[in-house]
$ cat coords19.txt   # compact mmCIF, C-alpha atoms
# COMPACT_ATOMS: atom_id res chain seq x y z
CA MET B 1 -58.55 31.44 88.15
CA THR B 2 -60.60 29.55 90.71
CA ILE B 3 -58.90 27.47 93.34
CA ALA B 4 -60.54 24.35 94.72
CA LEU B 5 -60.70 24.56 98.51
CA ASN B 6 -61.26 20.90 99.11
CA THR B 7 -59.44 20.04 102.31
CA GLY B 8 -60.88 16.58 102.70
CA THR B 9 -59.01 13.34 102.34
CA ALA B 10 -60.13 13.04 98.71
CA THR B 11 -57.49 15.59 97.82
CA LEU B 12 -54.87 12.93 98.53
CA SER B 13 -56.30 10.67 95.82
CA PRO B 14 -54.06 10.61 92.72
CA ILE B 15 -57.11 10.84 90.47
CA THR B 16 -58.45 13.83 92.39
CA LEU B 17 -55.06 15.51 92.32
CA PHE B 18 -54.89 14.97 88.57
CA LEU B 19 -58.39 16.30 87.93
CA GLN B 20 -57.79 19.38 90.09
CA ALA B 21 -54.45 20.14 88.47
CA ASP B 22 -53.88 22.83 85.89
CA ILE B 23 -53.96 21.72 82.25
CA VAL B 24 -50.19 22.18 81.99
CA VAL B 25 -49.55 19.95 84.99
CA GLN B 26 -52.02 17.41 83.63
CA GLY B 27 -50.05 17.32 80.38
CA VAL B 28 -46.81 16.80 82.33
CA ILE B 29 -48.35 13.95 84.33
CA ILE B 30 -49.75 12.25 81.22
CA GLY B 31 -46.39 12.52 79.48
CA LEU B 32 -44.57 11.04 82.45
CA LEU B 33 -47.05 8.18 82.75
CA LEU B 34 -46.59 7.37 79.06
CA ALA B 35 -42.82 7.45 79.55
CA SER B 36 -43.17 5.10 82.51
CA ILE B 37 -45.26 2.66 80.46
CA ALA B 38 -42.69 2.77 77.64
CA SER B 39 -39.81 2.17 80.06
CA TRP B 40 -41.54 -0.82 81.65
CA ALA B 41 -42.24 -2.29 78.21
CA ILE B 42 -38.53 -1.96 77.37
CA ILE B 43 -37.55 -3.39 80.77
CA VAL B 44 -39.68 -6.50 80.29
CA SER B 45 -38.55 -6.97 76.67
CA ALA B 46 -34.85 -6.46 77.44
CA SER B 47 -35.01 -8.74 80.48
CA LEU B 48 -36.48 -11.57 78.41
CA SER B 49 -34.05 -10.96 75.53
CA LEU B 50 -30.92 -10.89 77.70
CA GLY B 51 -32.03 -13.88 79.73
CA ARG B 52 -32.68 -15.88 76.57
CA ALA B 53 -29.32 -14.83 75.09
CA SER B 54 -27.49 -15.94 78.23
CA ARG B 55 -29.23 -19.31 78.53
CA ARG B 56 -29.06 -20.25 74.86
CA GLY B 57 -25.50 -18.94 74.58
CA ALA B 58 -24.37 -21.16 77.43
CA ALA B 59 -26.09 -24.15 75.80
CA PHE B 60 -24.44 -23.36 72.45
CA GLU B 61 -20.98 -23.21 74.00
CA ARG B 62 -21.53 -26.55 75.75
CA ASP B 63 -22.57 -28.14 72.45
CA PHE B 64 -19.64 -26.54 70.66
CA LYS B 65 -17.15 -28.00 73.12
CA LYS B 66 -18.64 -31.46 72.57
CA ALA B 67 -18.61 -31.17 68.76
CA ASP B 68 -16.01 -33.28 66.96
CA ASP B 69 -16.70 -31.88 63.47
CA ILE B 70 -16.86 -28.08 63.18
CA ASP B 71 -18.31 -28.21 59.66
CA ALA B 72 -21.15 -30.49 60.75
CA PHE B 73 -21.77 -28.33 63.79
CA TYR B 74 -21.86 -25.23 61.57
CA LYS B 75 -24.44 -26.79 59.25
CA ARG B 76 -26.62 -27.59 62.23
CA GLU B 77 -26.31 -24.19 63.96
CA SER B 78 -25.73 -21.74 61.09
CA ASP B 79 -29.31 -20.44 61.22
CA SER B 80 -29.34 -19.90 64.98
CA ASP B 81 -30.13 -16.37 66.19
CA VAL B 82 -28.07 -16.74 69.37
CA PRO B 83 -25.36 -14.03 69.57
CA VAL B 84 -22.53 -16.51 70.12
CA ALA B 85 -23.78 -18.59 67.18
CA ARG B 86 -23.60 -15.54 64.92
CA VAL B 87 -20.03 -14.86 66.03
CA PHE B 88 -19.21 -18.51 65.31
CA ALA B 89 -20.88 -18.32 61.89
CA ALA B 90 -18.93 -15.16 61.01
CA GLY B 91 -15.68 -16.90 61.92
CA VAL B 92 -16.47 -19.99 59.86
CA ALA B 93 -17.56 -17.91 56.86
CA GLU B 94 -14.32 -15.91 56.93
CA TRP B 95 -12.27 -19.11 57.38
CA ARG B 96 -13.86 -20.63 54.29
CA ARG B 97 -13.27 -17.51 52.21
CA SER B 98 -9.64 -17.22 53.34
CA THR B 99 -8.81 -20.90 52.78
CA ALA B 100 -10.70 -21.35 49.52
CA SER B 101 -7.62 -20.78 47.40
CA GLY B 102 -4.64 -23.09 47.24
CA ALA B 103 -2.10 -20.67 48.69
CA ILE B 104 -3.07 -19.51 52.17
CA ASP B 105 -1.80 -16.33 53.75
CA ARG B 106 -1.62 -17.45 57.37
CA GLU B 107 -1.03 -14.09 59.01
CA GLY B 108 -3.55 -12.38 56.79
CA THR B 109 -6.10 -15.07 57.57
CA ARG B 110 -5.53 -14.68 61.29
CA GLU B 111 -6.00 -10.92 61.06
CA ARG B 112 -9.16 -11.24 59.00
CA LEU B 113 -10.60 -13.80 61.40
CA ALA B 114 -9.93 -11.55 64.39
CA THR B 115 -11.44 -8.52 62.62
CA THR B 116 -14.49 -10.41 61.39
CA MET B 117 -15.35 -11.98 64.72
CA GLY B 118 -14.61 -8.74 66.56
CA ALA B 119 -17.06 -6.94 64.27
CA ALA B 120 -19.63 -9.70 64.85
CA VAL B 121 -19.27 -9.32 68.62
CA ALA B 122 -19.75 -5.54 68.34
CA ALA B 123 -22.83 -6.01 66.15
CA GLU B 124 -24.41 -8.45 68.60
CA VAL B 125 -23.74 -6.13 71.55
CA ASP B 126 -25.33 -3.23 69.64
CA ARG B 127 -28.35 -5.38 68.90
CA LEU B 128 -28.75 -6.40 72.54
CA ALA B 129 -28.33 -2.80 73.72
CA ASP B 130 -30.95 -1.50 71.29
CA ARG B 131 -33.49 0.81 73.00
CA LEU B 132 -31.53 0.95 76.26
CA ASN B 133 -30.72 4.54 75.38
CA ILE B 134 -34.44 5.24 75.79
CA LEU B 135 -34.21 4.07 79.41
CA ALA B 136 -31.22 6.35 79.94
CA THR B 137 -33.14 9.27 78.45
CA ILE B 138 -36.22 8.66 80.56
CA GLY B 139 -34.11 8.22 83.69
CA SER B 140 -32.29 11.51 83.18
CA VAL B 141 -35.10 13.66 81.78
CA ALA B 142 -38.19 12.53 83.75
CA PRO B 143 -37.17 14.20 87.06
CA PHE B 144 -36.71 17.53 85.28
CA VAL B 145 -40.05 17.21 83.53
CA GLY B 146 -41.62 16.51 86.93
CA LEU B 147 -39.77 19.52 88.31
CA PHE B 148 -41.33 21.66 85.59
CA GLY B 149 -44.75 20.51 86.78
CA THR B 150 -43.68 21.31 90.33
CA VAL B 151 -42.65 24.84 89.44
CA TRP B 152 -45.87 25.40 87.53
CA GLY B 153 -47.95 24.15 90.47
CA ILE B 154 -46.12 26.45 92.88
CA MET B 155 -46.70 29.37 90.52
CA ARG B 156 -50.39 28.48 90.56
CA SER B 157 -50.32 28.53 94.35
CA PHE B 158 -48.80 32.01 94.35
CA SER B 159 -51.50 33.11 91.94
CA GLY B 160 -54.11 31.73 94.34
CA ILE B 161 -52.52 33.61 97.23
CA ALA B 162 -52.63 36.84 95.24
CA GLN B 163 -56.26 36.39 94.26
CA ALA B 164 -57.47 35.30 97.68
CA GLN B 165 -55.15 37.73 99.48
CA SER B 166 -54.58 35.01 102.02
CA THR B 167 -51.81 32.59 102.86
CA SER B 168 -54.25 30.10 104.33
CA LEU B 169 -53.38 26.44 103.81
CA ALA B 170 -56.73 25.97 102.09
CA VAL B 171 -55.62 28.44 99.43
CA VAL B 172 -52.11 27.13 98.75
CA ALA B 173 -52.70 23.43 99.38
CA PRO B 174 -54.17 22.49 95.95
CA GLY B 175 -51.29 23.99 93.98
CA ILE B 176 -48.65 22.58 96.31
CA ALA B 177 -50.31 19.14 96.22
CA GLU B 178 -50.37 18.98 92.44
CA ALA B 179 -46.80 20.28 92.34
CA LEU B 180 -45.58 17.50 94.63
CA PHE B 181 -47.68 14.99 92.71
CA ALA B 182 -45.89 15.94 89.47
CA THR B 183 -42.55 15.47 91.22
CA ALA B 184 -43.62 12.05 92.49
CA ILE B 185 -44.69 10.93 89.01
CA GLY B 186 -41.36 12.11 87.60
CA LEU B 187 -39.48 10.00 90.14
CA PHE B 188 -41.87 7.09 89.53
CA ALA B 189 -40.88 7.15 85.86
CA ALA B 190 -37.17 7.82 86.38
CA ILE B 191 -36.13 5.48 89.19
CA PRO B 192 -37.05 2.14 87.53
CA ALA B 193 -35.53 3.34 84.24
CA VAL B 194 -32.20 4.22 85.88
CA ILE B 195 -32.04 0.97 87.86
CA ALA B 196 -32.92 -1.12 84.82
CA TYR B 197 -30.43 0.72 82.59
CA ASN B 198 -27.58 0.13 85.01
CA ARG B 199 -28.54 -3.50 85.51
CA PHE B 200 -28.91 -4.23 81.81
CA SER B 201 -25.63 -2.45 81.02
CA HIS B 202 -23.89 -4.76 83.49
CA ARG B 203 -25.50 -7.85 81.96
CA ILE B 204 -24.60 -6.74 78.43
CA ASN B 205 -21.01 -6.17 79.51
CA ARG B 206 -20.90 -9.72 80.85
CA ILE B 207 -22.35 -11.10 77.61
CA GLU B 208 -19.83 -9.07 75.59
CA ALA B 209 -16.96 -10.45 77.67
CA ARG B 210 -18.28 -13.96 77.13
CA LEU B 211 -18.56 -13.41 73.37
CA ASN B 212 -15.01 -12.08 73.26
CA ARG B 213 -13.73 -15.10 75.16
CA PHE B 214 -15.49 -17.43 72.73
CA ALA B 215 -14.15 -15.48 69.75
CA ASP B 216 -10.60 -15.65 71.13
CA ALA B 217 -10.87 -19.38 71.79
CA PHE B 218 -12.33 -20.07 68.35
CA HIS B 219 -9.67 -17.88 66.76
CA ALA B 220 -7.00 -19.92 68.53
CA THR B 221 -8.58 -23.15 67.27
CA LEU B 222 -8.62 -21.90 63.68
CA SER B 223 -5.07 -20.56 64.03
CA ARG B 224 -3.87 -24.03 65.03
CA GLN B 225 -5.74 -25.44 62.07
CA LEU B 226 -3.82 -23.06 59.81
CA GLU B 227 -0.58 -24.74 60.84
CA THR B 228 -1.71 -27.94 59.14
CA THR B 229 -3.64 -26.36 56.24
CA GLY B 230 -1.63 -25.15 53.26
CA ARG B 231 1.47 -23.04 53.23
CA ARG B 232 2.15 -19.33 53.02

$ encode --input "coords19.txt" --output "structure tokens"
Amino acid sequence: MTIALNTGTATLSPITLFLQADIVVQGVIIGLLLASIASWAIIVSASLSLGRASRRGAAFERDFKKADDIDAFYKRESDSDVPVARVFAAGVAEWRRSTASGAIDREGTRERLATTMGAAVAAEVDRLADRLNILATIGSVAPFVGLFGTVWGIMRSFSGIAQAQSTSLAVVAPGIAEALFATAIGLFAAIPAVIAYNRFSHRINRIEARLNRFADAFHATLSRQLETTGRR
């Protein structure tokens, strides 16, 4: 094994460090860079998706509060892909099924409405949280992958010491540099993923709470309607 003894400032260049690194460390670095690209793609996509869900959800709730006719409002918004609109559509669909017959089971209808809208809320939260587990995986695994590259680089430095029979900085520097570079890339991939995962989890929790509040309010509205619609 030959060890590059370049002690100039070029050694500090990321490209130079990559080219001088062992093939194993190069593979680690490439993998971490691909993971970083994937995490940033998810971060951008999730940020846009959650922002759109929050804005359009707030607009839907404002329109719902202004609506005088729920059936007309449902016809207008039934095809909407907003999470709160899907919860609303699930509630209306269950209401129509439960009140289609002449004799209405009030308590049964209330239970079915709560179950249906609760399931709709859970489904929308799962849809919004899709791929966030990838961020969690990258955030937890990337530092250890970088550490593997670090260990390999240090082993390469020890090999260089044994071959050169010298502990000179010029001998150990290349291996140590590539080892630290692998660690840095691991942190570069992990830190944004962890921050984004925590932030998105908080935003999803807020959206879920808002969906549950809407479902409870809509359930109360339909429950009151049951008092004037049919008999047990």

$ atom_distance --input "coords19.txt" --atom1 "CA of Pro83 (chain B)" --atom2 "CA of Ser47 (chain B)"
15.5 Å

$ atom_distance --input "coords19.txt" --atom1 "CA of Ile191 (chain B)" --atom2 "CA of Ile138 (chain B)"
9.2 Å

$ closest_residue --input "coords19.txt" --among "B:Ile29, B:Val84, B:Leu113, B:Ala184" --to "Ser98 (chain B)" --atoms "all atoms listed in the file"
B:Leu113

$ residues_around --input "coords19.txt" --residues "Val125 (chain B)" --least-positions-apart "4" --cutoff "9 Å" --atoms "all atoms listed in the file" --output "number ranges by chain"
B: 83, 120-121, 129-130, 204-205, 207-208

$ atom_distance --input "coords19.txt" --atom1 "CA of Gly149 (chain B)" --atom2 "CA of Arg199 (chain B)"
29.0 Å
